[in-house]
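Just input.csv here, CSV, C-alpha atoms:
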chain,number,residue,atom,x,y,z
A,1,MET,CA,-6.5,-15.0,-36.2
A,2,ILE,CA,-9.4,-13.1,-34.7
A,3,THR,CA,-12.6,-12.4,-36.7
A,4,CYS,CA,-14.2,-9.0,-36.1
A,5,SER,CA,-17.8,-9.4,-35.0
A,6,VAL,CA,-18.7,-6.1,-36.7
A,7,CYS,CA,-17.2,-6.3,-40.2
A,8,GLN,CA,-16.0,-10.0,-40.2
A,9,ALA,CA,-12.5,-8.9,-41.1
A,10,GLU,CA,-9.6,-11.2,-40.2
A,11,ASN,CA,-7.1,-9.7,-37.7
A,12,ASP,CA,-3.9,-10.8,-36.1
A,13,GLN,CA,-4.8,-12.7,-32.8
A,14,TYR,CA,-2.8,-10.2,-30.7
A,15,VAL,CA,-4.3,-6.9,-32.0
A,16,THR,CA,-6.8,-5.0,-29.9
A,17,ILE,CA,-8.6,-2.9,-32.6
A,18,CYS,CA,-9.9,-4.1,-36.0
A,19,LYS,CA,-7.7,-2.9,-38.8
A,20,GLN,CA,-10.7,-2.4,-41.1
A,21,CYS,CA,-13.5,-0.9,-39.0
A,22,GLY,CA,-11.7,0.2,-35.8
A,23,GLY,CA,-13.9,-1.9,-33.5
A,24,TYR,CA,-12.5,-3.4,-30.3
A,25,LEU,CA,-11.6,-7.1,-30.7
A,26,GLN,CA,-10.4,-7.8,-27.1
A,27,ASN,CA,-9.4,-6.0,-23.9
A,28,ARG,CA,-6.2,-4.0,-23.8
A,29,VAL,CA,-3.3,-5.2,-21.7
A,30,PRO,CA,-1.5,-1.9,-20.8
A,31,ASN,CA,0.8,-3.4,-18.1
A,32,LEU,CA,1.9,-6.7,-16.7
A,33,ASP,CA,1.5,-7.7,-13.1
A,34,LEU,CA,4.8,-9.4,-12.2
A,35,PHE,CA,3.6,-12.1,-9.7
A,36,ASP,CA,0.5,-12.8,-11.7
A,37,VAL,CA,2.4,-13.4,-14.8
A,38,LEU,CA,5.1,-15.5,-13.0
A,39,TRP,CA,2.3,-17.7,-11.6
A,40,LYS,CA,0.8,-18.0,-15.1
A,41,ILE,CA,4.2,-19.0,-16.4
A,42,ILE,CA,4.2,-22.0,-14.0
A,43,GLU,CA,0.5,-22.8,-14.3
A,44,ASN,CA,-0.1,-22.3,-18.1
A,45,PRO,CA,2.9,-21.0,-20.1
A,46,LYS,CA,0.9,-20.6,-23.3
A,47,ASN,CA,-1.7,-18.3,-21.8
A,48,ALA,CA,1.1,-16.4,-20.0
A,49,PHE,CA,3.1,-15.7,-23.1
A,50,GLN,CA,-0.1,-14.7,-25.0
A,51,LEU,CA,-0.7,-12.1,-22.2
A,52,ILE,CA,3.0,-11.0,-22.4
A,53,VAL,CA,2.8,-10.5,-26.2
A,54,ARG,CA,-0.5,-8.6,-26.0
A,55,SER,CA,0.8,-6.2,-23.3
A,56,GLU,CA,1.7,-2.7,-24.4
A,57,HIS,CA,4.5,-2.5,-21.9
A,58,LYS,CA,6.8,-5.4,-21.1
A,59,ASN,CA,7.0,-4.5,-17.4
A,60,TYR,CA,9.8,-6.0,-15.3
A,61,ALA,CA,11.6,-7.4,-18.3
A,62,VAL,CA,14.9,-5.7,-17.5
A,63,PHE,CA,14.4,-6.5,-13.8
A,64,LEU,CA,14.2,-10.2,-14.6
A,65,TYR,CA,17.3,-10.0,-16.7
A,66,THR,CA,19.1,-8.3,-13.9
A,67,LEU,CA,18.2,-11.1,-11.4
A,68,SER,CA,19.2,-13.7,-14.0
A,69,GLY,CA,22.5,-11.9,-14.5
A,70,ILE,CA,23.2,-12.4,-10.8
A,71,ALA,CA,22.3,-16.1,-11.1
A,72,LEU,CA,24.6,-16.5,-14.1
A,73,SER,CA,27.5,-14.8,-12.3
A,74,PHE,CA,27.2,-17.3,-9.4
A,75,ALA,CA,27.1,-20.1,-12.0
A,76,GLY,CA,30.2,-18.7,-13.6
A,77,LEU,CA,32.1,-18.5,-10.3
A,78,TRP,CA,31.0,-22.1,-9.7
A,79,HIS,CA,32.0,-23.3,-13.2
A,80,PHE,CA,35.5,-21.7,-13.1
A,81,LYS,CA,36.0,-22.7,-9.5
A,82,LEU,CA,37.2,-19.2,-8.4
A,83,GLY,CA,36.6,-19.8,-4.7
A,84,ASP,CA,40.3,-20.5,-4.1
A,85,ARG,CA,41.0,-16.8,-4.9
A,86,PHE,CA,38.8,-15.4,-2.1
A,87,GLU,CA,39.1,-15.5,1.7
A,88,ASN,CA,35.4,-16.0,2.6
A,89,ILE,CA,32.0,-16.5,1.1
A,90,LEU,CA,30.8,-12.9,1.6
A,91,LEU,CA,33.4,-11.7,-0.9
A,92,ILE,CA,32.1,-14.2,-3.5
A,93,ILE,CA,28.5,-13.1,-2.9
A,94,PHE,CA,29.5,-9.4,-3.2
A,95,LEU,CA,31.4,-10.1,-6.4
A,96,ALA,CA,28.6,-12.1,-7.9
A,97,ILE,CA,26.1,-9.3,-7.3
A,98,LEU,CA,28.7,-6.7,-8.6
A,99,ILE,CA,29.2,-8.6,-11.8
A,100,GLY,CA,25.7,-9.9,-12.2
A,101,ILE,CA,23.7,-6.7,-12.2
A,102,PRO,CA,25.6,-5.1,-15.2
A,103,MET,CA,25.7,-8.5,-16.9
A,104,GLY,CA,22.0,-8.7,-16.8
A,105,LEU,CA,21.6,-5.2,-18.0
A,106,VAL,CA,23.9,-5.9,-21.0
A,107,LEU,CA,22.3,-9.3,-21.8
A,108,SER,CA,18.8,-7.7,-21.9
A,109,PRO,CA,19.2,-5.9,-25.3
A,110,ILE,CA,21.8,-8.5,-26.7
A,111,ALA,CA,19.6,-11.6,-26.1
A,112,SER,CA,16.4,-9.8,-27.2
A,113,SER,CA,18.1,-8.5,-30.4
A,114,LEU,CA,19.5,-11.9,-31.1
A,115,HIS,CA,16.1,-13.6,-30.7
A,116,TRP,CA,14.5,-10.9,-32.8
A,117,MET,CA,17.1,-11.1,-35.6
A,118,ILE,CA,17.0,-14.9,-35.8
A,119,SER,CA,13.2,-14.9,-35.8
A,120,LYS,CA,13.2,-12.4,-38.7
A,121,ILE,CA,15.7,-14.5,-40.7
A,122,LEU,CA,13.4,-17.5,-40.3
A,123,GLY,CA,10.5,-15.4,-41.5
A,124,CYS,CA,8.6,-15.2,-38.3
A,125,LYS,CA,6.2,-12.5,-37.1
A,126,THR,CA,8.1,-10.7,-34.5
A,127,SER,CA,9.2,-7.4,-32.9
A,128,PHE,CA,12.0,-6.4,-30.6
A,129,ARG,CA,9.5,-5.6,-27.8
A,130,ASN,CA,8.0,-9.1,-28.1
A,131,SER,CA,11.4,-10.7,-28.1
A,132,LEU,CA,12.3,-8.7,-24.9
A,133,GLY,CA,9.1,-9.9,-23.2
A,134,ILE,CA,9.5,-13.5,-24.3
A,135,THR,CA,13.1,-13.9,-23.5
A,136,SER,CA,12.9,-12.2,-20.1
A,137,TYR,CA,9.9,-14.1,-18.7
A,138,SER,CA,11.3,-17.4,-20.0
A,139,LEU,CA,14.1,-16.8,-17.4
A,140,THR,CA,11.5,-17.4,-14.6
A,141,PRO,CA,13.1,-20.7,-13.6
A,142,VAL,CA,16.6,-19.1,-13.4
A,143,VAL,CA,15.2,-16.5,-11.0
A,144,LEU,CA,13.5,-19.2,-9.0
A,145,SER,CA,16.9,-21.0,-8.8
A,146,LEU,CA,18.5,-17.8,-7.5
A,147,PHE,CA,16.0,-17.4,-4.6
A,148,PHE,CA,15.3,-21.1,-3.7
A,149,VAL,CA,18.2,-23.4,-4.8
A,150,LEU,CA,21.3,-21.1,-4.5
A,151,PRO,CA,20.7,-20.3,-0.8
A,152,VAL,CA,20.5,-24.0,0.0
A,153,GLU,CA,23.7,-24.6,-1.9
A,154,LEU,CA,25.5,-21.8,-0.1
A,155,LEU,CA,24.3,-23.0,3.3
A,156,THR,CA,25.2,-26.6,2.5
A,157,PHE,CA,28.6,-26.1,0.9
A,158,GLY,CA,29.7,-22.5,1.7
A,159,MET,CA,33.1,-21.8,0.1
A,160,TYR,CA,33.4,-25.4,-1.1
A,161,LEU,CA,30.7,-24.8,-3.8
A,162,PHE,CA,33.3,-22.6,-5.6
A,163,THR,CA,36.5,-24.4,-4.9
A,164,PHE,CA,38.5,-26.9,-6.9
A,165,ASN,CA,40.4,-28.4,-4.0
A,166,PRO,CA,38.4,-30.0,-2.4
A,167,PRO,CA,35.6,-30.2,-5.0
A,168,PRO,CA,32.1,-29.9,-3.5
A,169,ILE,CA,31.1,-33.3,-4.7
A,170,THR,CA,33.6,-34.9,-2.4
A,171,VAL,CA,32.4,-32.9,0.6
A,172,LYS,CA,28.7,-33.9,0.4
A,173,PRO,CA,28.2,-36.1,-2.7
A,174,MET,CA,24.4,-36.7,-2.5
A,175,PRO,CA,23.3,-33.2,-1.7
A,176,TYR,CA,25.6,-31.9,-4.4
A,177,VAL,CA,24.2,-34.2,-7.1
A,178,ILE,CA,20.6,-33.4,-6.0
A,179,LEU,CA,21.1,-29.6,-6.0
A,180,ILE,CA,23.1,-29.4,-9.2
A,181,GLY,CA,20.4,-31.7,-10.7
A,182,PHE,CA,17.7,-29.1,-9.7
A,183,ASP,CA,19.8,-26.4,-11.3
A,184,GLY,CA,20.0,-28.4,-14.5
A,185,LEU,CA,16.3,-29.1,-14.6
A,186,LEU,CA,15.5,-25.4,-14.0
A,187,THR,CA,17.8,-24.4,-16.9
A,188,LEU,CA,16.1,-27.0,-19.1
A,189,TRP,CA,12.7,-25.6,-18.1
A,190,SER,CA,13.8,-22.1,-19.0
A,191,TRP,CA,14.8,-23.3,-22.4
A,192,VAL,CA,11.5,-25.1,-22.9
A,193,LEU,CA,9.7,-21.9,-21.8
A,194,LEU,CA,11.6,-19.9,-24.5
A,195,ILE,CA,10.5,-22.5,-27.1
A,196,ILE,CA,6.9,-22.1,-26.0
A,197,GLY,CA,7.1,-18.3,-25.8
A,198,THR,CA,8.7,-18.2,-29.2
A,199,LYS,CA,6.0,-20.3,-30.8
A,200,VAL,CA,3.2,-18.3,-29.2
A,201,GLY,CA,4.8,-14.9,-29.8
A,202,ASN,CA,6.1,-15.5,-33.3
A,203,GLN,CA,3.0,-17.6,-34.3
A,204,THR,CA,5.3,-20.1,-35.9
A,205,SER,CA,6.0,-23.8,-36.0
A,206,TRP,CA,7.6,-25.9,-33.3
A,207,TRP,CA,10.8,-26.6,-35.4
A,208,LYS,CA,11.4,-22.9,-35.9
A,209,SER,CA,10.8,-22.2,-32.2
A,210,VAL,CA,13.3,-24.9,-31.2
A,211,THR,CA,15.8,-23.7,-33.7
A,212,ILE,CA,15.5,-20.1,-32.6
A,213,SER,CA,15.7,-21.0,-28.9
A,214,ALA,CA,18.7,-23.4,-29.4
A,215,LEU,CA,20.6,-20.7,-31.3
A,216,VAL,CA,19.9,-18.0,-28.8
A,217,TYR,CA,21.0,-20.3,-25.9
A,218,GLY,CA,24.0,-21.6,-27.7
A,219,ILE,CA,25.3,-18.2,-28.8
A,220,ILE,CA,24.7,-16.5,-25.4
A,221,LEU,CA,26.2,-19.3,-23.3
A,222,GLY,CA,29.1,-19.8,-25.7
A,223,GLY,CA,29.8,-16.0,-25.5
A,224,LEU,CA,29.6,-15.9,-21.8
A,225,LEU,CA,32.0,-18.9,-21.4
A,226,SER,CA,34.4,-17.3,-23.9
A,227,VAL,CA,34.4,-13.9,-22.1
A,228,GLY,CA,34.8,-15.6,-18.7
A,229,GLU,CA,37.8,-17.7,-19.8
A,230,TYR,CA,39.4,-14.7,-21.4
A,231,THR,CA,38.8,-12.5,-18.3
A,232,ILE,CA,40.2,-15.1,-16.0
A,233,SER,CA,43.3,-15.6,-18.1
A,234,ARG,CA,44.1,-11.9,-17.8
A,235,PHE,CA,44.1,-11.9,-14.0
Would you mind writing the structure in this file as structure tokens?
Amino acid sequence: MITCSVCQAENDQYVTICKQCGGYLQNRVPNLDLFDVLWKIIENPKNAFQLIVRSEHKNYAVFLYTLSGIALSFAGLWHFKLGDRFENILLIIFLAILIGIPMGLVLSPIASSLHWMISKILGCKTSFRNSLGITSYSLTPVVLSLFFVLPVELLTFGMYLFTFNPPPITVKPMPYVILIGFDGLLTLWSWVLLIIGTKVGNQTSWWKSVTISALVYGIILGGLLSVGEYTISRF
């Protein structure tokens, strides 16, 4: 809570204007600077999410979802080992981008709504806009994986990253374990960021934040795997 210096009224910590006297409590945050916020996410997640929640416009939220959708589509092609169906790596890259962009655009409202609804059910202070900002910027590690880990994987394994025979781990065991380990750690980091962002944005307890984040991840990942398995079985 923020105490107004003029009338001493108690206000929510993220409001800009006092509800009682109309005095300014803190500076407005009309827009977010993408690279500044991404750096803050790495350096101090709590402060970064406070800034995101206070911002009037959740800039770049859909953009981050779109990039994450591309990363997830590559992960899906790897998980289902679809490389055997394609002639070269360029076709796989094209397909991942073709699927990933609309996937990210669809996930944006779905994941944000899911986060918002679960938060409401658990009695948290929340809004759809805050859920959009929290969930999108928590995907920062996934975006980092897309730009820094995936290119190394593609250069190291090429088509073998997505094939069942031979599996990539038999081609270059140690690099494969290290790179997949990096992907796993970045995914875990993304989930931890969602927990932190949920606690900060919803002004709630740790156990509620963990519960909300676990349910969001479980439902979204379970849904994506189910849709992927169904789609592959049809072709």
Next item on the list: Select, from A:Ser131, A:Ser112, A:Thr140, A:Asn88, the residue with the minimum atom-to-atom distance to A:Phe35, counting only C-alpha atoms.
Entry: A:Thr140
Notebook entry, point to check: What does the distance between atom CA of A:Val53 and atom CA of A:Val200 come to in Å, to one decimal place?
Noted result: 8.4 Å
Check: Between A:Cys21, A:Leu114, A:Ile97, A:Leu185, which one has atoms that come closest to A:Thr66, using only C-alpha atoms?
Finding: A:Ile97
Item checked: Atomic distance atom CA of A:Gly197 - atom CA of A:Leu67, expressed in Å with one decimal ->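 Straight-line distance from atom CA of A:Gly197 to atom CA of A:Leu67 works out to 19.6 Å.
Atom CA of A:Tyr137 to atom CA of A:Pro109 spans 14.0 Å [interatomic distance, one decimal].
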Item checked: Spatial neighbours of stretch 213-218 of chain A, 7 Å, only C-alpha atoms, chain gap at least 3 places, as an MDAnalysis selection string -> chainID A and resid 111 114:115 191 194:195 209:210 221:222
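Residue nearest A:Val149 within the list A:Leu91, A:Gly133, A:Ile41, A:Ala75: A:Ala75 [criterion: smallest interatomic distance, all atoms listed in the file].
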Notebook entry, point to check: Which one is closest to A:Thr211: A:Val177, A:Leu122, A:Ile169, A:Ile70? Count all atoms listed in the file.
Noted result: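 Counting all atoms listed in the file, the residue closest to A:Thr211 is A:Leu122.
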